[in-house]
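Shown next, in structure tokens, is the structure this report addresses.
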Amino acid sequence: MNLDTPYQVTPDQISRFQRDGYIKLKNVFDAATLDYYGREITELVLKLNPQTKPMHERTTYEKAFLQVINLWRHSAVVKEFVFSRRLARLAAELMGTRGVRLYHDQALYKEPSGGLTPWHADQQYWPLATAKCCTVWVPLQATPLAMGPLAFSVGSHCLTTGRDLEISDESEKKISKLLLDKQLPQDETPFDLGEVSFHYGWTFHRAGPNTSDRPRRVMTVIYMDVDMRLAQPRNKNQERDWHNWCPGAVVGEIIKTPLNPSLYER
Ligand SMILES: O=C(O)CCC(=O)C(=O)O
């Protein structure tokens, strides 16, 4: 298992991440590591998943994936994965921060017959004062197009329209039109086993439906600048996130609650 040694990124990869708003990196984990942690993550998703409705009764958001947050608090094994210094260091190097803290982790399992993940930007949900936050998306199996790999609108973190839309049929419709109008390229490509992506909180992204007969198992970790301050919430999602994922943090101050430990500092 190799969760903590550095993964070397080049200056060119760092500039591409900052220019394009995302990057895909191959061979970040080997098959044995993904298998070991993937088993524990899957067990927890099955145990903690709150979704009980059949697919046809769910909203578009609910059809997209089973979502379980902060698994690290339920398992010492998953905590090792979420606290991976290899991933946290990558997040800090790509964003150019002196370190990163945990915002929260989440498993996103797209079931067979699960629907598309509508276009959206994550920071709509996060009460964070700057754009120095990102997600690492770690598929626990090779992810061909048929399973709904994460897809990105290249350079879309620089757009300021569409940011107020939460994940919904409306965000899918309005943001796809916006991206078409802006003629930004899109990157929708399979993920090899061991490949991961990082994307900024303001990068527009989506995923296709899972038309395969296997679940698309994905673990994610959301990082923020180690010096990130809490912003005054701008909508009800941010208000809810504040109380759920940074309880006790104070508007205008650095978010350093017990749920937001520093995971890497240079
Ligand atoms: O896994 C998906 O389908 C969507 C993931 C996503 O939106 C994210 O990790 O920010």
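In the structure tokens, chains take the letters A, B, ... in the order shown, each chain's residues start at 1, and ligands count up from 1 in the order shown.
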Within 8 Å of ligand 1, which residues of chain A come that close, and what is the closest atom pair and distance in Å for each? Count only C-alpha atoms and all ligand atoms and give it as a Markdown table.
| residue | atom | partner | partner_atom_place_in_ligand_line | distance |
| --- | --- | --- | --- | --- |
| A:Ala64 | CA | ligand 1 | 3 (O) | 6.4 |
| A:Phe65 | CA | ligand 1 | 3 (O) | 6.6 |
| A:Leu108 | CA | ligand 1 | 1 (O) | 5.3 |
| A:Tyr109 | CA | ligand 1 | 1 (O) | 7.2 |
| A:Lys110 | CA | ligand 1 | 3 (O) | 6.8 |
| A:Leu116 | CA | ligand 1 | 3 (O) | 7.2 |
| A:Thr117 | CA | ligand 1 | 3 (O) | 5.0 |
| A:His120 | CA | ligand 1 | 7 (O) | 7.2 |
| A:Ala121 | CA | ligand 1 | 10 (O) | 7.4 |
| A:Asp122 | CA | ligand 1 | 10 (O) | 5.7 |
| A:Thr135 | CA | ligand 1 | 9 (O) | 6.1 |
| A:Val136 | CA | ligand 1 | 9 (O) | 7.2 |
| A:Trp137 | CA | ligand 1 | 9 (O) | 5.7 |
| A:Gly148 | CA | ligand 1 | 3 (O) | 6.9 |
| A:Pro149 | CA | ligand 1 | 3 (O) | 7.1 |
| A:Leu150 | CA | ligand 1 | 2 (C) | 5.9 |
| A:His199 | CA | ligand 1 | 10 (O) | 7.7 |
| A:Gly201 | CA | ligand 1 | 10 (O) | 7.8 |
| A:His205 | CA | ligand 1 | 7 (O) | 6.5 |
| A:Arg206 | CA | ligand 1 | 4 (C) | 6.1 |
| A:Ala207 | CA | ligand 1 | 3 (O) | 4.9 |
| A:Gly208 | CA | ligand 1 | 3 (O) | 7.6 |
| A:Val218 | CA | ligand 1 | 1 (O) | 6.7 |
| A:Thr220 | CA | ligand 1 | 9 (O) | 6.1 |
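Taking only C-alpha atoms, the non-local environment of Glu40 in chain A within 12 Å (same-chain residues fewer than 3 positions away omitted) comprises Thr33, Leu34, Asp35, Tyr36, Tyr37, Glu43, Leu44, Val45, Leu46, Lys47, Leu71, Trp72, His74, Ser75, Ala76, Val77, Val78, Lys79, Glu80, Phe81, Ala107, Leu140, Arg217 and Met219 of chain A.
Using only C-alpha atoms, the shortest contact distance between Lys236 in chain A and any of A:Thr160, A:Arg214, A:Ala142, A:Tyr125 is found at A:Tyr125.
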Taking 3 positions as the minimum chain separation for residues in the same chain, which residues sit within 12 Å of Lys182 in chain A when counting only C-alpha atoms? Answer as a PyMOL selection string.
chain A and resi 153-156+158-161+175-179+185-186
Filtering to N, CA and C atoms, could you give me those residues as a PDB file, in the first residue's frame?
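Final file, out-v9.pdb:
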ATOM      1  N   SER A 153     -15.564  20.450 -18.306  1.00  0.00           N
ATOM      2  CA  SER A 153     -15.563  21.524 -19.289  1.00  0.00           C
ATOM      3  C   SER A 153     -14.248  22.278 -19.085  1.00  0.00           C
ATOM      4  N   VAL A 154     -13.395  22.217 -20.114  1.00  0.00           N
ATOM      5  CA  VAL A 154     -12.017  22.712 -19.984  1.00  0.00           C
ATOM      6  C   VAL A 154     -12.006  24.244 -19.836  1.00  0.00           C
ATOM      7  N   GLY A 155     -11.415  24.718 -18.752  1.00  0.00           N
ATOM      8  CA  GLY A 155     -11.299  26.166 -18.532  1.00  0.00           C
ATOM      9  C   GLY A 155     -12.544  26.805 -17.916  1.00  0.00           C
ATOM     10  N   SER A 156     -13.548  25.995 -17.564  1.00  0.00           N
ATOM     11  CA  SER A 156     -14.830  26.565 -17.115  1.00  0.00           C
ATOM     12  C   SER A 156     -14.783  27.144 -15.701  1.00  0.00           C
ATOM     13  N   CYS A 158     -13.162  29.522 -14.920  1.00  0.00           N
ATOM     14  CA  CYS A 158     -13.032  30.980 -15.069  1.00  0.00           C
ATOM     15  C   CYS A 158     -14.371  31.647 -15.429  1.00  0.00           C
ATOM     16  N   LEU A 159     -15.394  30.863 -15.731  1.00  0.00           N
ATOM     17  CA  LEU A 159     -16.704  31.458 -16.033  1.00  0.00           C
ATOM     18  C   LEU A 159     -17.358  31.876 -14.722  1.00  0.00           C
ATOM     19  N   THR A 160     -18.103  32.969 -14.763  1.00  0.00           N
ATOM     20  CA  THR A 160     -18.770  33.346 -13.514  1.00  0.00           C
ATOM     21  C   THR A 160     -20.282  33.164 -13.599  1.00  0.00           C
ATOM     22  N   THR A 161     -20.791  32.862 -14.801  1.00  0.00           N
ATOM     23  CA  THR A 161     -22.231  32.596 -14.906  1.00  0.00           C
ATOM     24  C   THR A 161     -22.497  31.113 -14.615  1.00  0.00           C
ATOM     25  N   ILE A 175     -26.516  24.932 -17.966  1.00  0.00           N
ATOM     26  CA  ILE A 175     -25.052  24.944 -18.055  1.00  0.00           C
ATOM     27  C   ILE A 175     -24.609  24.325 -19.381  1.00  0.00           C
ATOM     28  N   SER A 176     -25.299  23.282 -19.873  1.00  0.00           N
ATOM     29  CA  SER A 176     -24.842  22.740 -21.174  1.00  0.00           C
ATOM     30  C   SER A 176     -25.010  23.785 -22.257  1.00  0.00           C
ATOM     31  N   LYS A 177     -26.068  24.586 -22.181  1.00  0.00           N
ATOM     32  CA  LYS A 177     -26.241  25.642 -23.190  1.00  0.00           C
ATOM     33  C   LYS A 177     -25.139  26.710 -23.043  1.00  0.00           C
ATOM     34  N   LEU A 178     -24.866  27.082 -21.797  1.00  0.00           N
ATOM     35  CA  LEU A 178     -23.820  28.073 -21.533  1.00  0.00           C
ATOM     36  C   LEU A 178     -22.473  27.606 -22.098  1.00  0.00           C
ATOM     37  N   LEU A 179     -22.139  26.341 -21.858  1.00  0.00           N
ATOM     38  CA  LEU A 179     -20.827  25.827 -22.292  1.00  0.00           C
ATOM     39  C   LEU A 179     -20.758  25.718 -23.818  1.00  0.00           C
ATOM     40  N   PRO A 185     -13.994  23.422 -24.831  1.00  0.00           N
ATOM     41  CA  PRO A 185     -13.864  21.990 -25.107  1.00  0.00           C
ATOM     42  C   PRO A 185     -14.300  21.152 -23.896  1.00  0.00           C
ATOM     43  N   GLN A 186     -14.712  19.926 -24.156  1.00  0.00           N
ATOM     44  CA  GLN A 186     -15.082  19.024 -23.062  1.00  0.00           C
ATOM     45  C   GLN A 186     -14.184  17.796 -23.076  1.00  0.00           C
TER      46      GLN A 186
END
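Shortest separation to Asp105 in chain A among A:Phe83, A:Trp126, A:Phe152, A:Trp242 occurs at residue A:Phe83, atoms counted being only C-alpha atoms.
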Would you mind listing what lies within 12 Å of range 223-225 of chain A as a PyMOL selection string, with only C-alpha atoms counted and same-chain residues fewer than 4 positions away left out?
chain A and resi 82-85+87-106+122-123+126-137+198-201+229-230+246+254-256+260-265
Applying 7 Å and only C-alpha atoms, which residues near Arg86 in chain A remain after dropping the ones on its own chain fewer than 5 positions away? List them as a tab-separated table (two decimals) with N, CA and C atoms, in the first residue's frame.
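And here is the file that came out, selection_35.tsv:
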chain	number	residue	atom	x	y	z
A	3	LEU	N	0.18	5.03	0.27
A	3	LEU	CA	-0.74	6.16	0.36
A	3	LEU	C	-0.03	7.46	0.64
A	4	ASP	N	1.23	7.36	1.07
A	4	ASP	CA	1.86	8.56	1.64
A	4	ASP	C	3.07	9.09	0.90
A	5	THR	N	3.70	8.28	0.05
A	5	THR	CA	4.89	8.79	-0.62
A	5	THR	C	4.48	9.79	-1.71
A	6	PRO	N	5.38	10.74	-2.04
A	6	PRO	CA	5.02	11.75	-3.04
A	6	PRO	C	4.79	11.15	-4.42
A	7	TYR	N	3.85	11.71	-5.14
A	7	TYR	CA	3.65	11.42	-6.57
A	7	TYR	C	4.16	12.67	-7.27
Compare A:Thr257, A:Ser171, A:Asp181, A:Pro139 by their minimum atom-to-atom distance to Pro215 in chain A, counting only C-alpha atoms, and give me the closest one.
A:Pro139
Going by DSSP on the backbone, which bits of range 18-259 of chain A are helix (DSSP H, G or I)? Write them as a PyMOL selection string, please.
chain A and resi 18-20+31-48+55-57+60-64+71-73+76-82+85-95+122-125+145-147+156-158+169-182+236-245
Show me, as a compact mmCIF listing (two decimals) with C-alpha atoms, in the first residue's frame, the residues that have an atom within 8 Å of Asn27 in chain A when counting only C-alpha atoms, minus same-chain residues fewer than 6 positions from it.
# COMPACT_ATOMS: atom_id res chain seq x y z
CA LEU A 193 -7.37 1.61 -13.04
CA GLY A 194 -5.25 3.79 -10.74
CA GLU A 195 -6.02 7.02 -12.61
Apply DSSP to the structure's backbone, then extract all residues of range 70-253 of chain A labelled strand (DSSP E) and return them as an MDAnalysis selection string.
chainID A and resid 99:109 117:120 133:139 150:153 186:187 196:200 205:207 218:225
